[in-house]
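As stored in upload28.cif (mmCIF, C-alpha atoms):
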data_data
#
loop_
_atom_site.label_atom_id
_atom_site.label_comp_id
_atom_site.auth_asym_id
_atom_site.auth_seq_id
_atom_site.Cartn_x
_atom_site.Cartn_y
_atom_site.Cartn_z
CA MET Q 8 80.83 107.52 68.70
CA SER Q 9 80.62 106.86 72.43
CA CYS Q 10 83.66 107.24 74.67
CA HIS Q 11 85.04 104.05 76.19
CA VAL Q 12 85.95 104.67 79.83
CA ALA Q 13 88.33 102.19 81.47
CA ILE Q 14 88.42 101.60 85.23
CA VAL Q 15 91.67 101.19 87.14
CA THR Q 16 91.88 100.59 90.89
CA ASP Q 17 94.53 99.09 93.18
CA SER Q 18 95.03 95.71 94.78
CA THR Q 19 93.50 96.77 98.11
CA ALA Q 20 90.01 96.85 96.54
CA TYR Q 21 89.86 93.07 97.02
CA LEU Q 22 87.30 92.58 94.29
CA PRO Q 23 86.72 88.94 93.31
CA PRO Q 24 88.82 88.12 90.22
CA GLN Q 25 85.77 87.03 88.24
CA THR Q 26 84.07 90.35 89.00
CA MET Q 27 87.09 92.31 87.81
CA GLU Q 28 87.27 90.27 84.62
CA ARG Q 29 83.54 90.66 83.92
CA HIS Q 30 83.73 94.44 84.26
CA GLY Q 31 87.18 94.90 82.76
CA ILE Q 32 88.62 96.47 85.92
CA THR Q 33 92.42 96.61 86.26
CA ALA Q 34 94.08 96.50 89.70
CA VAL Q 35 97.56 97.97 90.18
CA PRO Q 36 99.40 96.03 92.92
CA LEU Q 37 100.80 97.50 96.11
CA THR Q 38 103.91 95.90 97.60
CA VAL Q 39 104.58 94.06 100.84
CA VAL Q 40 108.15 94.09 102.15
CA LEU Q 41 108.86 90.94 104.11
CA GLY Q 42 112.39 91.01 105.51
CA ASP Q 43 114.51 92.01 102.51
CA ARG Q 44 111.99 90.85 99.88
CA ALA Q 45 109.57 93.19 98.08
CA LEU Q 46 106.56 91.18 96.94
CA GLU Q 47 103.52 92.21 94.90
CA GLU Q 48 100.16 91.85 96.61
CA GLY Q 49 97.88 89.39 94.88
CA THR Q 50 100.53 87.47 92.94
CA GLU Q 51 103.68 87.05 95.03
CA ILE Q 52 102.49 86.99 98.64
CA SER Q 53 99.35 85.82 100.42
CA ALA Q 54 97.56 87.27 103.41
CA ARG Q 55 98.18 84.04 105.28
CA SER Q 56 101.95 84.39 104.78
CA VAL Q 57 101.73 87.90 106.23
CA ALA Q 58 99.69 86.66 109.20
CA GLU Q 59 102.29 83.99 109.94
CA ALA Q 60 105.14 86.52 109.67
CA LEU Q 61 103.38 88.91 112.05
CA GLN Q 62 102.71 86.13 114.55
CA LYS Q 63 106.44 85.36 114.51
CA ARG Q 64 107.15 89.09 114.93
CA HIS Q 65 109.04 89.31 111.65
CA PRO Q 66 109.25 92.84 110.18
CA VAL Q 67 106.51 93.50 107.62
CA THR Q 68 105.99 96.82 105.85
CA THR Q 69 104.10 97.97 102.77
CA SER Q 70 104.73 100.42 99.95
CA ARG Q 71 102.72 102.15 97.26
CA PRO Q 72 103.01 101.32 93.55
CA SER Q 73 105.48 103.47 91.66
CA PRO Q 74 104.18 106.08 89.20
CA GLU Q 75 105.82 103.99 86.47
CA VAL Q 76 103.57 101.03 87.28
CA PHE Q 77 100.51 103.26 87.02
CA ALA Q 78 101.81 104.73 83.77
CA ALA Q 79 102.09 101.24 82.31
CA ALA Q 80 98.51 100.45 83.35
CA TYR Q 81 97.23 103.66 81.74
CA ARG Q 82 99.13 102.96 78.51
CA ALA Q 83 97.72 99.44 78.39
CA ALA Q 84 94.16 100.73 78.85
CA ALA Q 85 94.65 103.28 76.07
CA GLU Q 86 96.14 100.66 73.75
CA ALA Q 87 93.11 98.45 74.44
CA GLY Q 88 90.84 101.23 73.16
CA ALA Q 89 90.04 103.42 76.16
CA ASP Q 90 89.38 107.08 75.40
CA GLY Q 91 89.52 107.95 79.10
CA ILE Q 92 90.35 106.33 82.44
CA VAL Q 93 88.92 106.60 85.94
CA SER Q 94 91.56 105.57 88.48
CA LEU Q 95 90.09 104.90 91.94
CA HIS Q 96 92.23 104.30 95.00
CA LEU Q 97 92.38 103.70 98.70
CA SER Q 98 92.36 106.63 101.08
CA ALA Q 99 95.23 109.06 100.62
CA GLU Q 100 95.24 109.38 104.42
CA ILE Q 101 96.36 105.74 104.61
CA SER Q 102 98.64 105.34 101.59
CA GLY Q 103 100.61 107.29 99.00
CA THR Q 104 98.99 105.27 96.21
CA TYR Q 105 96.75 108.15 95.15
CA ASP Q 106 99.74 110.49 94.84
CA ALA Q 107 101.59 108.01 92.63
CA ALA Q 108 98.55 107.70 90.37
CA VAL Q 109 98.28 111.50 90.09
CA LEU Q 110 101.90 111.74 88.97
CA ALA Q 111 101.41 109.06 86.32
CA ALA Q 112 98.17 110.60 85.06
CA LYS Q 113 99.95 113.79 83.99
CA ASP Q 114 101.68 112.02 81.10
CA ALA Q 115 99.01 109.45 80.22
CA PRO Q 116 98.06 109.11 76.54
CA VAL Q 117 94.35 109.66 77.35
CA PRO Q 118 92.58 111.74 80.02
CA VAL Q 119 92.78 110.15 83.48
CA ARG Q 120 90.62 111.15 86.45
CA VAL Q 121 92.30 110.02 89.67
CA VAL Q 122 89.93 109.67 92.64
CA ASP Q 123 90.79 109.43 96.33
CA THR Q 124 87.77 107.42 97.44
CA GLY Q 125 88.65 107.72 101.13
CA MET Q 126 87.89 103.99 101.28
CA VAL Q 127 89.76 100.69 101.49
CA ALA Q 128 89.05 96.99 100.85
CA MET Q 129 85.59 96.31 99.41
CA ALA Q 130 84.53 99.83 100.38
CA LEU Q 131 86.89 100.78 97.56
CA GLY Q 132 85.77 97.80 95.51
CA PHE Q 133 82.13 98.89 95.54
CA CYS Q 134 83.20 102.33 94.28
CA ALA Q 135 85.13 100.76 91.41
CA LEU Q 136 82.10 98.62 90.56
CA ALA Q 137 79.83 101.68 90.53
CA ALA Q 138 82.19 103.47 88.15
CA ALA Q 139 82.45 100.39 85.91
CA GLU Q 140 78.68 100.00 85.71
CA ALA Q 141 78.30 103.67 84.80
CA ALA Q 142 80.93 103.31 82.08
CA GLU Q 143 79.29 100.15 80.74
CA GLY Q 144 76.06 102.11 80.40
CA GLY Q 145 77.79 104.59 78.11
CA GLY Q 146 78.66 107.07 80.85
CA THR Q 147 81.31 109.73 80.41
CA LEU Q 148 84.38 110.20 82.60
CA ASP Q 149 82.46 112.68 84.74
CA GLU Q 150 79.50 110.33 85.08
CA ALA Q 151 81.69 107.39 86.08
CA VAL Q 152 83.47 109.54 88.69
CA ALA Q 153 80.12 110.81 89.99
CA ALA Q 154 78.85 107.23 90.36
CA ALA Q 155 81.94 106.30 92.38
CA ASP Q 156 81.68 109.43 94.54
CA LYS Q 157 78.01 108.73 95.26
CA ARG Q 158 78.77 105.17 96.30
CA ALA Q 159 81.67 106.28 98.49
CA ALA Q 160 79.51 108.86 100.28
CA ALA Q 161 76.96 106.17 101.18
CA THR Q 162 79.44 103.46 102.17
CA SER Q 163 80.60 102.71 105.72
CA ALA Q 164 83.17 100.32 107.15
CA TYR Q 165 83.47 98.99 110.68
CA PHE Q 166 86.02 96.55 111.95
CA TYR Q 167 87.28 94.62 114.92
CA VAL Q 168 90.93 93.80 115.62
CA ASP Q 169 92.43 91.68 118.36
CA THR Q 170 95.02 94.40 119.04
CA LEU Q 171 95.77 97.92 117.82
CA ASP Q 172 99.51 97.22 117.94
CA TYR Q 173 99.83 96.46 114.22
CA LEU Q 174 98.00 99.65 113.22
CA ARG Q 175 100.22 101.63 115.57
CA ARG Q 176 103.42 100.05 114.25
CA GLY Q 177 102.44 100.87 110.67
CA GLY Q 178 101.61 104.48 111.54
CA ARG Q 179 97.91 104.09 110.63
CA ILE Q 180 96.84 105.25 114.07
CA GLY Q 181 98.70 107.39 116.57
CA ALA Q 182 100.12 106.34 119.92
CA ALA Q 183 97.32 108.11 121.77
CA GLN Q 184 94.69 106.26 119.74
CA ALA Q 185 96.51 102.97 120.33
CA LEU Q 186 96.00 103.46 124.08
CA PHE Q 187 92.27 103.18 123.34
CA GLY Q 188 92.58 99.40 123.21
CA SER Q 189 95.49 98.82 125.53
CA ALA Q 190 93.59 98.02 128.71
CA LEU Q 191 93.53 94.39 129.75
CA ALA Q 192 90.64 92.40 128.22
CA VAL Q 193 89.34 95.37 126.22
CA LYS Q 194 88.70 94.79 122.53
CA PRO Q 195 88.54 97.74 120.13
CA LEU Q 196 85.99 98.44 117.43
CA LEU Q 197 87.03 100.93 114.75
CA ARG Q 198 85.56 102.66 111.72
CA LEU Q 199 86.71 104.35 108.57
CA ASP Q 200 85.88 108.05 108.93
CA SER Q 201 86.83 110.71 106.36
CA GLY Q 202 89.62 108.47 105.10
CA HIS Q 203 91.06 107.90 108.58
CA ILE Q 204 90.92 104.83 110.81
CA GLU Q 205 89.26 105.98 114.03
CA PRO Q 206 88.52 104.17 117.31
CA LEU Q 207 84.79 103.79 117.84
CA GLU Q 208 84.02 101.71 120.93
CA LYS Q 209 85.71 99.53 123.54
CA VAL Q 210 84.09 96.19 124.36
CA ARG Q 211 85.12 93.79 127.11
CA THR Q 212 85.56 90.56 125.15
CA ALA Q 213 86.04 89.42 121.58
CA SER Q 214 82.63 87.72 121.46
CA LYS Q 215 80.87 90.83 122.73
CA ALA Q 216 82.83 93.00 120.30
CA ILE Q 217 81.75 90.86 117.35
CA ALA Q 218 78.13 90.90 118.54
CA ARG Q 219 78.34 94.69 118.78
CA LEU Q 220 79.84 94.81 115.28
CA GLU Q 221 76.78 92.94 114.00
CA GLU Q 222 74.48 95.46 115.68
CA LEU Q 223 76.35 98.42 114.20
CA VAL Q 224 76.12 96.92 110.72
CA ALA Q 225 72.43 96.11 111.05
CA ASP Q 226 71.65 99.63 112.26
CA ARG Q 227 73.65 101.21 109.45
CA ALA Q 228 72.21 98.95 106.74
CA GLY Q 229 68.58 99.52 107.71
CA ALA Q 230 65.86 97.99 105.53
CA GLY Q 231 66.92 99.40 102.14
CA GLU Q 232 68.84 97.60 99.40
CA VAL Q 233 72.44 97.13 100.45
CA ASP Q 234 75.60 95.27 99.48
CA ILE Q 235 77.74 93.85 102.28
CA ALA Q 236 81.33 92.61 102.38
CA VAL Q 237 82.69 90.68 105.35
CA HIS Q 238 86.49 90.65 105.51
CA HIS Q 239 88.82 88.75 107.82
CA LEU Q 240 92.44 87.79 108.33
CA ALA Q 241 93.08 84.26 109.56
CA ALA Q 242 89.56 84.15 111.05
CA PRO Q 243 87.38 82.31 108.51
CA GLU Q 244 84.99 80.82 111.07
CA ARG Q 245 84.28 84.20 112.62
CA ALA Q 246 83.66 85.69 109.18
CA ALA Q 247 81.35 82.87 108.07
CA THR Q 248 79.31 83.07 111.26
CA LEU Q 249 78.91 86.85 111.06
CA ALA Q 250 78.01 86.69 107.36
CA GLU Q 251 75.29 84.13 108.02
CA ARG Q 252 73.81 86.22 110.84
CA LEU Q 253 73.77 89.30 108.61
CA ARG Q 254 72.15 87.31 105.81
CA GLU Q 255 69.35 86.37 108.20
CA ARG Q 256 68.67 89.82 109.60
CA LEU Q 257 69.14 92.24 106.67
CA PRO Q 258 65.93 92.27 104.58
CA GLY Q 259 67.40 94.45 101.85
CA LEU Q 260 70.60 92.47 101.35
CA VAL Q 261 71.47 92.18 97.64
CA ASP Q 262 75.06 90.96 97.42
CA LEU Q 263 77.13 89.47 100.24
CA HIS Q 264 80.86 89.01 99.75
CA VAL Q 265 82.99 87.09 102.25
CA SER Q 266 86.75 87.16 101.77
CA GLU Q 267 90.10 87.25 103.46
CA VAL Q 268 91.82 90.61 103.10
CA GLY Q 269 95.00 90.79 101.07
CA ALA Q 270 98.54 91.04 102.31
CA VAL Q 271 98.69 94.85 102.46
CA ILE Q 272 95.70 95.42 104.73
CA GLY Q 273 96.59 92.29 106.69
CA ALA Q 274 100.04 93.69 107.41
CA HIS Q 275 98.48 96.68 109.18
CA THR Q 276 95.61 95.00 111.03
CA GLY Q 277 97.07 91.67 112.10
CA PRO Q 278 95.50 88.22 112.47
CA GLY Q 279 91.99 88.13 113.89
CA LEU Q 280 90.69 91.08 111.87
CA LEU Q 281 86.96 91.03 111.21
CA GLY Q 282 85.61 93.89 109.13
CA VAL Q 283 82.30 94.73 107.48
CA VAL Q 284 81.63 97.12 104.61
CA ILE Q 285 78.07 98.42 104.23
CA SER Q 286 77.29 99.91 100.84
CA PRO Q 287 73.68 100.99 100.19
CA ARG Q 288 72.55 100.90 96.58
#
Serialized structure, structure tokens:
Amino acid sequence: MSCHVAIVTDSTAYLPPQTMERHGITAVPLTVVLGDRALEEGTEISARSVAEALQKRHPVTTSRPSPEVFAAAYRAAAEAGADGIVSLHLSAEISGTYDAAVLAAKDAPVPVRVVDTGMVAMALGFCALAAAEAAEGGGTLDEAVAAADKRAAATSAYFYVDTLDYLRRGGRIGAAQALFGSALAVKPLLRLDSGHIEPLEKVRTASKAIARLEELVADRAGAGEVDIAVHHLAAPERAATLAERLRERLPGLVDLHVSEVGAVIGAHTGPGLLGVVISPR
């Protein structure tokens, strides 16, 4: 009898709901703290609400899921028939989510492999999809983890923000790195590197920064088969324009996802975010 492997991720994967349902992927929610209210990402607070709060300079913070929430998700998967679970999460350099999952896995009713993908947003989502597809093909725990690891190793993420102030406030970059984008009329481009958010280039204007972002993505994608996700926060026109340009110039494009990030990532990047995930097949 084949082993049924369930896939658990967290709410920062930003997978489309229909995709999660089709592949049976469960997402454990992170929390956004807005004033004195703790709200679950995905059900109790929207990215647009976070953007508005940030623009009004209201305090916004985020927190990881508790181990108890992960434990409940693992129990539910086991009760639904899973013989094993692969639990894939955003970079441990950015969040304590991975650590909470590790704690919960120790007492789970079935074996759980917890994976720090080093990714976030659809960079994480593509890893979860790779693991789910491996499991659907009858893959073991090890094979599902290997599929996710392979996808993570090939995946890149670049992004533009209007200001580094939100990342600095949330502790996701240091004060010295924040100076990278502090000069007047300089717009920062960043990348996800070894689980960290790292400054990449400084560009003089927003329009030039977005054009440069397109070039970076096109160079990284090359001519092979690739999946792309374009993320934004309160910048739908920018995202739609960039997505259309990438559709026109990437010959190997397979799937293109365009979506607003959720409340957790939005809280740390601020309005105006434009990010692209490049995930070769």
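Of the listed residues Q:Arg71, Q:Ala236, Q:Leu171, Q:Pro24, the one whose atoms come nearest to Gly103 in chain Q is Q:Arg71, with distances taken using all atoms listed in the file.
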Find the spatial neighbours of range 216-218 of chain Q, counting all atoms listed in the file, within a cut-off of 9 Å - ignore same-chain residues fewer than 6 positions away - and output them as a PyMOL selection string. chain Q and resi 166-167+194-196+208-210+245+249+281
Dump C-alpha atoms for the selected residues as an mmCIF file, in the coordinates of the input?
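The resulting file, out-v3.cif, is reproduced below:
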data_model
loop_
_atom_site.group_PDB
_atom_site.id
_atom_site.type_symbol
_atom_site.label_atom_id
_atom_site.label_comp_id
_atom_site.auth_asym_id
_atom_site.auth_seq_id
_atom_site.Cartn_x
_atom_site.Cartn_y
_atom_site.Cartn_z
ATOM 1 C CA PHE Q 166 86.020 96.550 111.950
ATOM 2 C CA TYR Q 167 87.280 94.620 114.920
ATOM 3 C CA LYS Q 194 88.700 94.790 122.530
ATOM 4 C CA PRO Q 195 88.540 97.740 120.130
ATOM 5 C CA LEU Q 196 85.990 98.440 117.430
ATOM 6 C CA GLU Q 208 84.020 101.710 120.930
ATOM 7 C CA LYS Q 209 85.710 99.530 123.540
ATOM 8 C CA VAL Q 210 84.090 96.190 124.360
ATOM 9 C CA ARG Q 245 84.280 84.200 112.620
ATOM 10 C CA LEU Q 249 78.910 86.850 111.060
ATOM 11 C CA LEU Q 281 86.960 91.030 111.210
#
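When all atoms listed in the file are used to measure the gap to Gly125 in chain Q, the shortest distance among Q:Gly231, Q:Pro23, Q:Gly42, Q:Gly202 belongs to Q:Gly202.
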On this structure, which residues satisfy the PyMOL selection byres ((chain Q and resi 68) around 8), written as a ChimeraX atom specification? /Q:39-41,66-67,69-70,177,274
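The space between CA of His264 in chain Q and CA of Asp123 in chain Q spans 23.0 Å.
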Residues returned when the PyMOL selection byres ((chain Q and resi 261) around 12) runs on this file, as a list in words: Ala228, Ala230, Gly231, Glu232, Val233, Asp234, Ile235, Ala236, Leu253, Arg254, Leu257, Pro258, Gly259, Leu260, Asp262, Leu263, His264, Ile285, Ser286, Pro287 and Arg288 of chain Q
Taking the file as shown, find all residues satisfying the PyMOL selection byres ((chain Q and resi 107) around 12) and write them as a PyMOL selection string. chain Q and resi 17+35+37+70-78+94-97+99+102-106+108-113+121-123
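Closest approach to Pro278 in chain Q among Q:Ala60, Q:Ala164, Q:Ala135, Q:Val15: Q:Ala60, based on all atoms listed in the file.
Restricting the calculation to all atoms listed in the file, the smallest distance between Ser98 in chain Q and any of Q:Val152, Q:Ala242, Q:Ile204, Q:Leu197 is found for Q:Ile204.
Excluding Gly31 in chain Q and any residue on its chain fewer than 2 positions from it, the residues at most 8 Å away by only C-alpha atoms are Ala13, Ile14, Met27, Glu28, Arg29, Thr33 and Ala139 of chain Q.
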Keeping only C-alpha atoms, write the selected residues as a PDB file, keeping the file's coordinate frame.
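Saved to selection-v4.pdb:
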ATOM      1  CA  ALA Q  13      88.330 102.190  81.470  1.00  0.00           C
ATOM      2  CA  ILE Q  14      88.420 101.600  85.230  1.00  0.00           C
ATOM      3  CA  MET Q  27      87.090  92.310  87.810  1.00  0.00           C
ATOM      4  CA  GLU Q  28      87.270  90.270  84.620  1.00  0.00           C
ATOM      5  CA  ARG Q  29      83.540  90.660  83.920  1.00  0.00           C
ATOM      6  CA  THR Q  33      92.420  96.610  86.260  1.00  0.00           C
ATOM      7  CA  ALA Q 139      82.450 100.390  85.910  1.00  0.00           C
TER       8      ALA Q 139
END
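CA of Thr124 in chain Q sits 28.0 Å away from CA of Ser56 in chain Q.
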To one decimal place, how far is CA of Ala80 in chain Q from CA of Val265 in chain Q in Å? 27.9 Å
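Nearest to Ala58 in chain Q of all the residues Q:Gly145, Q:Gly91, Q:Pro36, Q:Gly277 is Q:Gly277, based on all atoms listed in the file.
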Near Ala142 in chain Q, counting all atoms listed in the file, which residues have an atom at most 12 Å away, once you skip same-chain residues fewer than 2 positions from it, shown as an MDAnalysis selection string? chainID Q and resid 9:14 30:32 89:93 135:140 144:155
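Closest approach to Ser201 in chain Q from the set Q:Glu100, Q:Glu143, Q:Glu255, Q:Asp169 is made by Q:Glu100, with distances taken over only C-alpha atoms.
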